[in-house]
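Structure file upload-v9.cif (mmCIF, C-alpha atoms) is printed below.
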data_data
#
loop_
_atom_site.group_PDB
_atom_site.id
_atom_site.type_symbol
_atom_site.label_atom_id
_atom_site.label_comp_id
_atom_site.auth_asym_id
_atom_site.auth_seq_id
_atom_site.Cartn_x
_atom_site.Cartn_y
_atom_site.Cartn_z
ATOM 1 C CA MET A 1 0.000 0.000 0.000
ATOM 2 C CA PRO A 2 1.471 3.398 -0.962
ATOM 3 C CA TRP A 3 2.095 6.042 1.676
ATOM 4 C CA HIS A 4 0.851 9.597 1.255
ATOM 5 C CA ALA A 5 2.254 12.282 3.532
ATOM 6 C CA ARG A 6 1.541 16.007 3.804
ATOM 7 C CA LEU A 7 3.244 18.703 5.808
ATOM 8 C CA SER A 8 2.450 22.401 6.119
ATOM 9 C CA ILE A 9 4.787 24.910 7.801
ATOM 10 C CA ASP A 10 3.767 28.506 8.478
ATOM 11 C CA TYR A 11 6.358 31.046 9.628
ATOM 12 C CA ALA A 12 5.265 34.282 11.290
ATOM 13 C CA ALA A 13 6.906 37.130 13.197
ATOM 14 C CA ARG A 14 5.887 37.447 16.864
ATOM 15 C CA ASP A 15 7.479 40.150 19.031
ATOM 16 C CA GLY A 16 10.761 40.079 17.125
ATOM 17 C CA ARG A 17 10.896 36.280 16.941
ATOM 18 C CA SER A 18 10.222 34.068 13.916
ATOM 19 C CA VAL A 19 7.948 31.224 14.969
ATOM 20 C CA ALA A 20 6.761 28.160 13.079
ATOM 21 C CA ARG A 21 3.447 26.357 13.219
ATOM 22 C CA PHE A 22 3.057 23.081 11.400
ATOM 23 C CA ARG A 23 0.485 20.452 10.573
ATOM 24 C CA HIS A 24 1.082 16.986 9.183
ATOM 25 C CA ASP A 25 -0.769 14.010 7.829
ATOM 26 C CA GLY A 26 1.135 10.752 7.410
ATOM 27 C CA PRO A 27 4.822 9.973 7.977
ATOM 28 C CA LEU A 28 6.291 13.457 7.623
ATOM 29 C CA ARG A 29 7.393 15.509 10.633
ATOM 30 C CA ILE A 30 9.156 18.679 11.743
ATOM 31 C CA LEU A 31 11.469 18.534 14.730
ATOM 32 C CA GLN A 32 11.446 21.340 17.278
ATOM 33 C CA SER A 33 12.229 24.901 16.229
ATOM 34 C CA LEU A 34 15.846 25.898 16.760
ATOM 35 C CA TYR A 35 17.432 29.350 17.019
ATOM 36 C CA PRO A 36 21.202 29.003 16.492
ATOM 37 C CA GLU A 37 21.334 32.472 14.901
ATOM 38 C CA GLY A 38 19.075 34.254 17.376
ATOM 39 C CA ASP A 39 15.324 34.811 17.582
ATOM 40 C CA THR A 40 14.892 36.345 14.131
ATOM 41 C CA ILE A 41 15.663 33.122 12.188
ATOM 42 C CA CYS A 42 13.762 29.899 12.886
ATOM 43 C CA HIS A 43 15.526 26.680 11.840
ATOM 44 C CA ASN A 44 13.515 23.494 11.294
ATOM 45 C CA VAL A 45 14.509 19.957 10.325
ATOM 46 C CA LEU A 46 12.082 18.010 8.145
ATOM 47 C CA VAL A 47 12.012 14.274 8.879
ATOM 48 C CA HIS A 48 10.492 11.488 6.785
ATOM 49 C CA PRO A 49 10.662 8.395 9.052
ATOM 50 C CA PRO A 50 10.311 5.785 6.253
ATOM 51 C CA GLY A 51 13.493 7.216 4.718
ATOM 52 C CA GLY A 52 12.436 6.955 1.090
ATOM 53 C CA LEU A 53 9.694 6.650 -1.510
ATOM 54 C CA VAL A 54 8.598 3.718 -3.646
ATOM 55 C CA GLY A 55 6.129 3.629 -6.532
ATOM 56 C CA GLY A 56 2.830 5.259 -5.596
ATOM 57 C CA ASP A 57 4.186 7.162 -2.581
ATOM 58 C CA THR A 58 3.740 10.930 -2.400
ATOM 59 C CA LEU A 59 5.260 13.647 -0.223
ATOM 60 C CA ASP A 60 3.422 16.977 -0.331
ATOM 61 C CA ILE A 61 5.232 19.841 1.420
ATOM 62 C CA HIS A 62 3.939 23.400 1.745
ATOM 63 C CA ALA A 63 5.815 26.196 3.529
ATOM 64 C CA THR A 64 4.791 29.838 3.887
ATOM 65 C CA ALA A 65 6.830 32.714 5.326
ATOM 66 C CA ALA A 66 4.718 35.680 6.422
ATOM 67 C CA ALA A 67 5.874 39.306 6.551
ATOM 68 C CA GLY A 68 8.775 39.893 8.934
ATOM 69 C CA SER A 69 9.618 36.214 9.387
ATOM 70 C CA HIS A 70 12.700 34.247 8.338
ATOM 71 C CA GLY A 71 12.526 30.453 8.137
ATOM 72 C CA LEU A 72 15.176 27.887 7.240
ATOM 73 C CA VAL A 73 14.243 24.281 6.421
ATOM 74 C CA THR A 74 16.684 21.424 5.994
ATOM 75 C CA THR A 75 16.750 17.632 6.415
ATOM 76 C CA PRO A 76 18.885 15.250 8.487
ATOM 77 C CA GLY A 77 19.790 13.023 5.542
ATOM 78 C CA ALA A 78 19.213 12.278 1.889
ATOM 79 C CA SER A 79 15.797 11.658 0.365
ATOM 80 C CA ARG A 80 15.566 8.380 -1.528
ATOM 81 C CA PHE A 81 13.589 7.316 -4.577
ATOM 82 C CA TYR A 82 13.653 3.517 -4.577
ATOM 83 C CA ARG A 83 12.992 1.087 -7.420
ATOM 84 C CA SER A 84 9.412 1.126 -8.697
ATOM 85 C CA GLU A 85 7.423 -1.549 -10.467
ATOM 86 C CA GLY A 86 5.514 1.040 -12.487
ATOM 87 C CA GLU A 87 3.894 3.920 -10.598
ATOM 88 C CA PRO A 88 5.941 7.062 -9.981
ATOM 89 C CA ALA A 89 7.064 8.216 -6.556
ATOM 90 C CA VAL A 90 6.286 11.922 -6.196
ATOM 91 C CA GLN A 91 7.761 14.646 -4.029
ATOM 92 C CA GLN A 92 6.115 18.019 -4.556
ATOM 93 C CA THR A 93 7.060 21.152 -2.645
ATOM 94 C CA HIS A 94 5.292 24.510 -2.737
ATOM 95 C CA LEU A 95 7.039 27.437 -1.068
ATOM 96 C CA GLN A 96 5.446 30.865 -0.586
ATOM 97 C CA VAL A 97 7.340 33.951 0.560
ATOM 98 C CA GLN A 98 5.306 37.018 1.397
ATOM 99 C CA ALA A 99 6.432 40.652 1.242
ATOM 100 C CA GLY A 100 9.072 41.402 3.873
ATOM 101 C CA ALA A 101 9.822 37.719 4.529
ATOM 102 C CA ARG A 102 12.813 35.459 3.908
ATOM 103 C CA LEU A 103 12.831 31.710 3.383
ATOM 104 C CA GLU A 104 15.678 29.230 2.887
ATOM 105 C CA TRP A 105 14.992 25.741 1.497
ATOM 106 C CA LEU A 106 18.115 23.616 2.009
ATOM 107 C CA PRO A 107 17.325 19.878 2.022
ATOM 108 C CA LEU A 108 20.113 17.377 1.624
ATOM 109 C CA GLU A 109 20.372 15.493 -1.649
ATOM 110 C CA ALA A 110 17.807 13.244 -3.329
ATOM 111 C CA LEU A 111 19.161 9.814 -4.302
ATOM 112 C CA CYS A 112 17.621 8.132 -7.343
ATOM 113 C CA TYR A 113 18.135 4.385 -7.085
ATOM 114 C CA SER A 114 18.343 2.388 -10.286
ATOM 115 C CA GLY A 115 14.849 1.416 -11.395
ATOM 116 C CA CYS A 116 13.091 4.341 -9.746
ATOM 117 C CA GLN A 117 10.316 6.361 -11.386
ATOM 118 C CA ALA A 118 10.904 9.667 -9.605
ATOM 119 C CA HIS A 119 9.002 12.935 -9.937
ATOM 120 C CA ASN A 120 10.547 15.849 -8.051
ATOM 121 C CA ARG A 121 8.638 19.154 -8.227
ATOM 122 C CA LEU A 122 9.510 22.470 -6.602
ATOM 123 C CA ARG A 123 7.379 25.609 -6.952
ATOM 124 C CA MET A 124 8.486 28.942 -5.459
ATOM 125 C CA ASP A 125 6.044 31.860 -5.166
ATOM 126 C CA VAL A 126 7.870 34.989 -3.987
ATOM 127 C CA GLU A 127 5.885 38.195 -3.527
ATOM 128 C CA PRO A 128 7.389 41.666 -4.143
ATOM 129 C CA GLY A 129 9.563 42.435 -1.124
ATOM 130 C CA GLY A 130 10.164 38.745 -0.346
ATOM 131 C CA GLU A 131 13.494 36.927 -0.749
ATOM 132 C CA PHE A 132 14.356 33.265 -1.119
ATOM 133 C CA ILE A 133 17.476 31.092 -1.279
ATOM 134 C CA GLY A 134 17.185 27.394 -2.024
ATOM 135 C CA TRP A 135 18.844 24.476 -3.701
ATOM 136 C CA ASP A 136 18.088 21.175 -5.362
ATOM 137 C CA VAL A 137 20.689 18.389 -5.417
ATOM 138 C CA THR A 138 20.068 15.032 -7.103
ATOM 139 C CA ALA A 139 22.287 11.969 -7.494
ATOM 140 C CA LEU A 140 21.609 9.249 -10.062
ATOM 141 C CA GLY A 141 22.532 5.844 -8.674
ATOM 142 C CA LEU A 142 24.923 5.117 -5.816
ATOM 143 C CA PRO A 143 28.473 5.200 -7.194
ATOM 144 C CA HIS A 144 30.112 4.634 -3.799
ATOM 145 C CA ALA A 145 28.078 1.441 -3.383
ATOM 146 C CA GLY A 146 28.713 0.200 -6.916
ATOM 147 C CA GLN A 147 25.051 0.642 -7.882
ATOM 148 C CA PRO A 148 24.920 2.637 -11.145
ATOM 149 C CA PHE A 149 21.766 4.205 -12.559
ATOM 150 C CA VAL A 150 20.984 1.718 -15.324
ATOM 151 C CA ALA A 151 17.157 1.690 -15.267
ATOM 152 C CA GLY A 152 14.329 4.073 -14.445
ATOM 153 C CA SER A 153 13.869 7.808 -14.799
ATOM 154 C CA LEU A 154 13.803 11.170 -13.045
ATOM 155 C CA GLN A 155 11.357 13.935 -13.951
ATOM 156 C CA GLN A 156 12.458 17.288 -12.538
ATOM 157 C CA HIS A 157 10.342 20.442 -12.286
ATOM 158 C CA LEU A 158 11.598 23.782 -10.904
ATOM 159 C CA GLU A 159 9.293 26.795 -11.218
ATOM 160 C CA VAL A 160 8.845 30.408 -10.214
ATOM 161 C CA PRO A 161 5.397 30.942 -11.777
ATOM 162 C CA GLY A 162 5.414 33.395 -14.651
ATOM 163 C CA VAL A 163 9.135 34.023 -14.202
ATOM 164 C CA TRP A 164 11.270 30.886 -14.527
ATOM 165 C CA LEU A 165 10.499 27.290 -15.431
ATOM 166 C CA GLU A 166 12.765 24.307 -15.888
ATOM 167 C CA ARG A 167 11.302 20.919 -16.617
ATOM 168 C CA GLY A 168 13.207 17.904 -17.826
ATOM 169 C CA ARG A 169 13.291 14.125 -17.827
ATOM 170 C CA ILE A 170 16.347 11.914 -17.485
ATOM 171 C CA GLU A 171 16.006 8.321 -18.662
ATOM 172 C CA ALA A 172 18.613 5.802 -17.554
ATOM 173 C CA GLY A 173 18.847 4.524 -21.133
ATOM 174 C CA ASP A 174 19.605 7.934 -22.638
ATOM 175 C CA ALA A 175 23.340 7.458 -23.187
ATOM 176 C CA PRO A 176 23.895 10.706 -25.165
ATOM 177 C CA LEU A 177 22.423 12.709 -22.289
ATOM 178 C CA LEU A 178 24.072 10.805 -19.455
ATOM 179 C CA ASP A 179 27.484 10.273 -20.993
ATOM 180 C CA GLY A 180 27.794 12.632 -23.945
ATOM 181 C CA ALA A 181 30.054 15.668 -23.870
ATOM 182 C CA LEU A 182 27.040 17.948 -24.376
ATOM 183 C CA GLY A 183 25.133 16.205 -21.587
ATOM 184 C CA LEU A 184 26.225 15.093 -18.130
ATOM 185 C CA ALA A 185 29.515 13.710 -19.503
ATOM 186 C CA GLY A 186 29.442 10.739 -17.148
ATOM 187 C CA ARG A 187 28.719 12.799 -14.055
ATOM 188 C CA ARG A 188 25.877 11.571 -11.887
ATOM 189 C CA CYS A 189 25.194 14.467 -9.520
ATOM 190 C CA ILE A 190 23.141 17.450 -10.702
ATOM 191 C CA ALA A 191 22.969 20.431 -8.347
ATOM 192 C CA SER A 192 21.381 23.883 -8.534
ATOM 193 C CA LEU A 193 21.408 26.795 -6.101
ATOM 194 C CA PHE A 194 19.036 29.701 -6.665
ATOM 195 C CA HIS A 195 18.250 33.106 -5.245
ATOM 196 C CA VAL A 196 14.782 34.436 -6.066
ATOM 197 C CA SER A 197 13.559 37.945 -5.332
ATOM 198 C CA GLY A 198 9.944 39.061 -5.565
ATOM 199 C CA THR A 199 11.088 42.092 -7.555
ATOM 200 C CA PRO A 200 13.864 42.486 -10.126
ATOM 201 C CA ILE A 201 17.263 42.499 -8.460
ATOM 202 C CA PRO A 202 19.125 45.751 -9.164
ATOM 203 C CA ARG A 203 21.820 45.206 -11.771
ATOM 204 C CA GLU A 204 24.696 46.134 -9.453
ATOM 205 C CA ARG A 205 23.519 43.702 -6.779
ATOM 206 C CA ARG A 206 22.910 40.972 -9.332
ATOM 207 C CA GLU A 207 26.422 41.352 -10.707
ATOM 208 C CA ALA A 208 27.860 41.249 -7.177
ATOM 209 C CA LEU A 209 26.071 37.965 -6.417
ATOM 210 C CA LEU A 210 27.186 36.449 -9.721
ATOM 211 C CA GLU A 211 30.775 37.517 -9.067
ATOM 212 C CA ILE A 212 30.674 35.981 -5.587
ATOM 213 C CA ALA A 213 29.493 32.670 -7.037
ATOM 214 C CA ARG A 214 32.001 32.717 -9.905
ATOM 215 C CA THR A 215 34.890 33.453 -7.551
ATOM 216 C CA ARG A 216 34.016 30.366 -5.499
ATOM 217 C CA ILE A 217 33.577 28.287 -8.640
ATOM 218 C CA ASP A 218 36.907 29.360 -10.150
ATOM 219 C CA SER A 219 38.812 28.219 -7.060
ATOM 220 C CA HIS A 220 36.987 24.879 -6.719
ATOM 221 C CA ALA A 221 37.901 21.495 -8.175
ATOM 222 C CA LEU A 222 34.536 21.432 -9.981
ATOM 223 C CA GLY A 223 35.190 24.772 -11.664
ATOM 224 C CA GLU A 224 35.045 23.367 -15.196
ATOM 225 C CA ALA A 225 31.628 21.802 -14.553
ATOM 226 C CA ALA A 226 29.900 24.691 -12.784
ATOM 227 C CA GLY A 227 28.579 28.117 -13.680
ATOM 228 C CA ALA A 228 26.443 31.017 -12.479
ATOM 229 C CA THR A 229 23.864 32.915 -14.495
ATOM 230 C CA SER A 230 20.817 35.161 -14.184
ATOM 231 C CA PRO A 231 18.138 33.809 -16.547
ATOM 232 C CA GLN A 232 15.716 36.546 -15.475
ATOM 233 C CA PRO A 233 16.270 39.780 -13.491
ATOM 234 C CA SER A 234 14.723 38.368 -10.312
ATOM 235 C CA VAL A 235 16.492 34.976 -10.422
ATOM 236 C CA ILE A 236 20.147 33.956 -10.023
ATOM 237 C CA VAL A 237 21.131 30.312 -10.564
ATOM 238 C CA VAL A 238 24.297 28.326 -9.897
ATOM 239 C CA ARG A 239 24.592 24.938 -11.611
ATOM 240 C CA VAL A 240 27.024 22.160 -10.804
ATOM 241 C CA LEU A 241 27.753 18.753 -12.297
ATOM 242 C CA ALA A 242 29.822 16.376 -10.209
ATOM 243 C CA PRO A 243 30.719 12.674 -10.156
ATOM 244 C CA VAL A 244 29.300 12.349 -6.614
ATOM 245 C CA VAL A 245 27.332 14.511 -4.181
ATOM 246 C CA GLU A 246 29.968 15.603 -1.670
ATOM 247 C CA PRO A 247 32.029 18.071 -3.754
ATOM 248 C CA ALA A 248 28.899 19.596 -5.288
ATOM 249 C CA MET A 249 27.346 20.144 -1.876
ATOM 250 C CA GLN A 250 30.597 21.629 -0.579
ATOM 251 C CA LEU A 251 30.592 24.184 -3.390
ATOM 252 C CA LEU A 252 26.928 25.109 -2.937
ATOM 253 C CA ARG A 253 27.339 25.562 0.804
ATOM 254 C CA GLY A 254 30.245 27.909 0.244
ATOM 255 C CA ILE A 255 28.269 30.072 -2.179
ATOM 256 C CA TRP A 256 25.204 29.982 0.089
ATOM 257 C CA THR A 257 27.334 31.264 2.968
ATOM 258 C CA ASP A 258 28.742 34.083 0.829
ATOM 259 C CA TRP A 259 25.322 35.043 -0.550
ATOM 260 C CA ARG A 260 23.792 35.265 2.938
ATOM 261 C CA ARG A 261 26.594 37.585 3.985
ATOM 262 C CA GLU A 262 26.132 39.784 0.923
ATOM 263 C CA LEU A 263 22.326 39.817 0.914
ATOM 264 C CA TRP A 264 21.451 39.819 4.585
ATOM 265 C CA ARG A 265 24.685 40.503 6.498
ATOM 266 C CA LEU A 266 24.425 37.085 8.145
ATOM 267 C CA ASP A 267 27.452 35.114 9.292
ATOM 268 C CA GLY A 268 25.693 32.350 11.214
ATOM 269 C CA ALA A 269 27.061 28.801 11.284
ATOM 270 C CA PRO A 270 25.471 26.153 9.007
ATOM 271 C CA PRO A 271 22.635 24.082 10.512
ATOM 272 C CA ARG A 272 24.104 21.770 13.136
ATOM 273 C CA ILE A 273 22.356 18.734 11.642
ATOM 274 C CA TRP A 274 24.686 18.916 8.617
ATOM 275 C CA SER A 275 27.691 17.958 10.753
ATOM 276 C CA THR A 276 26.119 14.887 12.383
#
If you convert what's in this file into structure tokens, what do you get?
Amino acid sequence: MPWHARLSIDYAARDGRSVARFRHDGPLRILQSLYPEGDTICHNVLVHPPGGLVGGDTLDIHATAAAGSHGLVTTPGASRFYRSEGEPAVQQTHLQVQAGARLEWLPLEALCYSGCQAHNRLRMDVEPGGEFIGWDVTALGLPHAGQPFVAGSLQQHLEVPGVWLERGRIEAGDAPLLDGALGLAGRRCIASLFHVSGTPIPRERREALLEIARTRIDSHALGEAAGATSPQPSVIVVRVLAPVVEPAMQLLRGIWTDWRRELWRLDGAPPRIWST
């Protein structure tokens, strides 16, 4: 029997403190709110006790940041799309950032096991005056375990409605895409980091954020397989291809740290759960 899980998180500002209220249905939970950076930023860890999705399973996540609040959501470990006998496993996330709010969506990677039928959808609605930083990291197969991605598919959907849309499908049998020089060139980790503003980012600020990302990229071992661009005036995107997750995540975390400092004058430590 498939499992269907829903989780809703609502961030609000209360007397100078960002607070989170959440509701859930099924095996999807939020651990207690944490404040490692002070009262203004509420950190939460999203937990899926089953640890992965099989065919027919769905995870439906909805987070809203109200005016004056700042929420940060991460996970304690990788998401997993396991082998399916036919039906897709679906993770869909809808994030809403209201005017005067900030939201950070920083889950650890999604692992696509060979034979999976994975659908991963992320929608970001950012109102004028709202700001968002998030990432999406996906690994095809388990190279460290000697389990290559030889069957199945991943359907990926990233969207800022009316502003930016990326939708693609990776089939395990598509050798030109997976191994060709104009495709993934044998790399099996695909990572993107994005900053979205509810209004066009001023040109000078946009160029500063791109330069910050490119400086990190140029000094990193993955420099030849990474880049930063602004496909639309309110969106900045960093893309990385890597053989495995760890170096890609290291690069994204470095740029995320630099962007927070530039955008919000924040120098807080990364979520503690990342070091466990």
Answer key for the PyMOL selection byres ((chain A and resi 38) around 12), residues as a PyMOL selection string: chain A and resi 16-19+33-37+39-43+70-71+266-269
Any chance you could work out the residue set of the PyMOL selection byres ((chain A and resi 210) around 9) here, as a list in words? Arg205, Arg206, Glu207, Ala208, Leu209, Glu211, Ile212, Ala213, Arg214, Thr215, Ala228, Thr229, Ser230, Ile236, Val237 and Val238 of chain A
Could you pull the residues within 8 Å of Arg21 (chain A), counting all atoms listed in the file, minus those fewer than 6 positions along the same chain, as a ChimeraX atom specification? /A:9-11
Would you save the residues of that selection, restricted to C-alpha atoms, as an mmCIF file, in the frame of the given file?
data_model
loop_
_atom_site.group_PDB
_atom_site.id
_atom_site.type_symbol
_atom_site.label_atom_id
_atom_site.label_comp_id
_atom_site.auth_asym_id
_atom_site.auth_seq_id
_atom_site.Cartn_x
_atom_site.Cartn_y
_atom_site.Cartn_z
ATOM 1 C CA ILE A 9 4.787 24.910 7.801
ATOM 2 C CA ASP A 10 3.767 28.506 8.478
ATOM 3 C CA TYR A 11 6.358 31.046 9.628
#
Could you spell out the hits of the PyMOL selection byres ((chain A and resi 88-97) around 9) on the shown file, as a PyMOL selection string? chain A and resi 53-67+81-82+84-87+98-103+105+116-127+129-132+198
Taking the point (12.4, 25.5, -13.2) as given in the file, collect each protein or nucleic acid residue that comes within 12 Å of it, counting only C-alpha atoms, and present the set as a VMD selection string. chain A and resid 120 to 124 135 to 136 155 to 168 192 to 194 196 231 to 232 235 to 237
Computed interatomic separation between CA of Cys189 (chain A) and CA of Trp3 (chain A) (Å): 27.0 Å
Polymer residues at most 6 Å from (17.7, 13.7, -0.7) by all atoms listed in the file, as a list in words: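 Output of the proximity query reads Ala78, Ser79, Arg80, Leu108, Glu109, Ala110 and Leu111 of chain A.
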Nearby residues (all atoms listed in the file) at most 10 Å from Gly77 (chain A), same-chain spacing under 3 positions excluded, as a VMD selection string: chain A and resid 45 to 48 51 74 80 107 to 110 273 to 274 276
Suppose you want the space between CA of Ile170 (chain A) and CA of Thr138 (chain A); what is it in Å? 11.5 Å
Of the candidates A:Ile133, A:Ala5, A:Ala175, A:Ala242, which shows the shortest atom-to-atom distance to Asp258 (chain A), using only C-alpha atoms?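 The answer is A:Ile133, which sits nearest to Asp258 (chain A).
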Around all listed atoms of region 172-180 of chain A, padded 3 Å per side, what centre and edge lengths does the axis-aligned box have in Å to one decimal, as JSON?
{"center_x": 23.2, "center_y": 8.6, "center_z": -21.4, "size_x": 15.2, "size_y": 14.2, "size_z": 13.6}
Fill-in result for region 68-82 of chain A, N, CA, C and O atoms as a compact mmCIF listing (two decimals), keeping the file's coordinate frame:
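Final output, saved to out_1.txt:
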# COMPACT_ATOMS: atom_id res chain seq x y z
N GLY A 68 7.93 39.72 7.76
CA GLY A 68 8.78 39.89 8.93
C GLY A 68 9.43 38.63 9.45
O GLY A 68 10.27 38.69 10.34
N SER A 69 9.06 37.48 8.90
CA SER A 69 9.62 36.21 9.39
C SER A 69 10.77 35.75 8.50
O SER A 69 10.92 36.18 7.37
N HIS A 70 11.57 34.85 9.06
CA HIS A 70 12.70 34.25 8.34
C HIS A 70 12.77 32.79 8.77
O HIS A 70 13.08 32.48 9.93
N GLY A 71 12.47 31.88 7.85
CA GLY A 71 12.53 30.45 8.14
C GLY A 71 13.60 29.76 7.33
O GLY A 71 13.92 30.17 6.21
N LEU A 72 14.18 28.72 7.92
CA LEU A 72 15.18 27.89 7.24
C LEU A 72 14.79 26.43 7.45
O LEU A 72 14.63 26.00 8.60
N VAL A 73 14.64 25.70 6.36
CA VAL A 73 14.24 24.28 6.42
C VAL A 73 15.34 23.43 5.81
O VAL A 73 15.83 23.72 4.71
N THR A 74 15.72 22.38 6.52
CA THR A 74 16.68 21.42 5.99
C THR A 74 16.24 20.01 6.38
O THR A 74 15.14 19.82 6.91
N THR A 75 17.06 19.02 6.09
CA THR A 75 16.75 17.63 6.42
C THR A 75 17.97 16.98 7.07
O THR A 75 19.10 17.43 6.88
N PRO A 76 17.76 15.90 7.82
CA PRO A 76 18.89 15.25 8.49
C PRO A 76 19.67 14.31 7.59
O PRO A 76 20.77 13.87 7.94
N GLY A 77 19.12 13.96 6.44
CA GLY A 77 19.79 13.02 5.54
C GLY A 77 19.18 13.10 4.16
O GLY A 77 18.27 13.89 3.89
N ALA A 78 19.67 12.27 3.27
CA ALA A 78 19.21 12.28 1.89
C ALA A 78 17.79 11.75 1.78
O ALA A 78 17.35 10.89 2.55
N SER A 79 17.05 12.27 0.79
CA SER A 79 15.80 11.66 0.36
C SER A 79 16.14 10.53 -0.60
O SER A 79 17.17 10.58 -1.28
N ARG A 80 15.27 9.54 -0.68
CA ARG A 80 15.57 8.38 -1.53
C ARG A 80 14.36 8.00 -2.37
O ARG A 80 13.27 7.84 -1.84
N PHE A 81 14.59 7.86 -3.67
CA PHE A 81 13.59 7.32 -4.58
C PHE A 81 14.02 5.89 -4.91
O PHE A 81 15.01 5.69 -5.63
N TYR A 82 13.29 4.92 -4.39
CA TYR A 82 13.65 3.52 -4.58
C TYR A 82 13.06 2.96 -5.87
O TYR A 82 12.23 3.60 -6.53
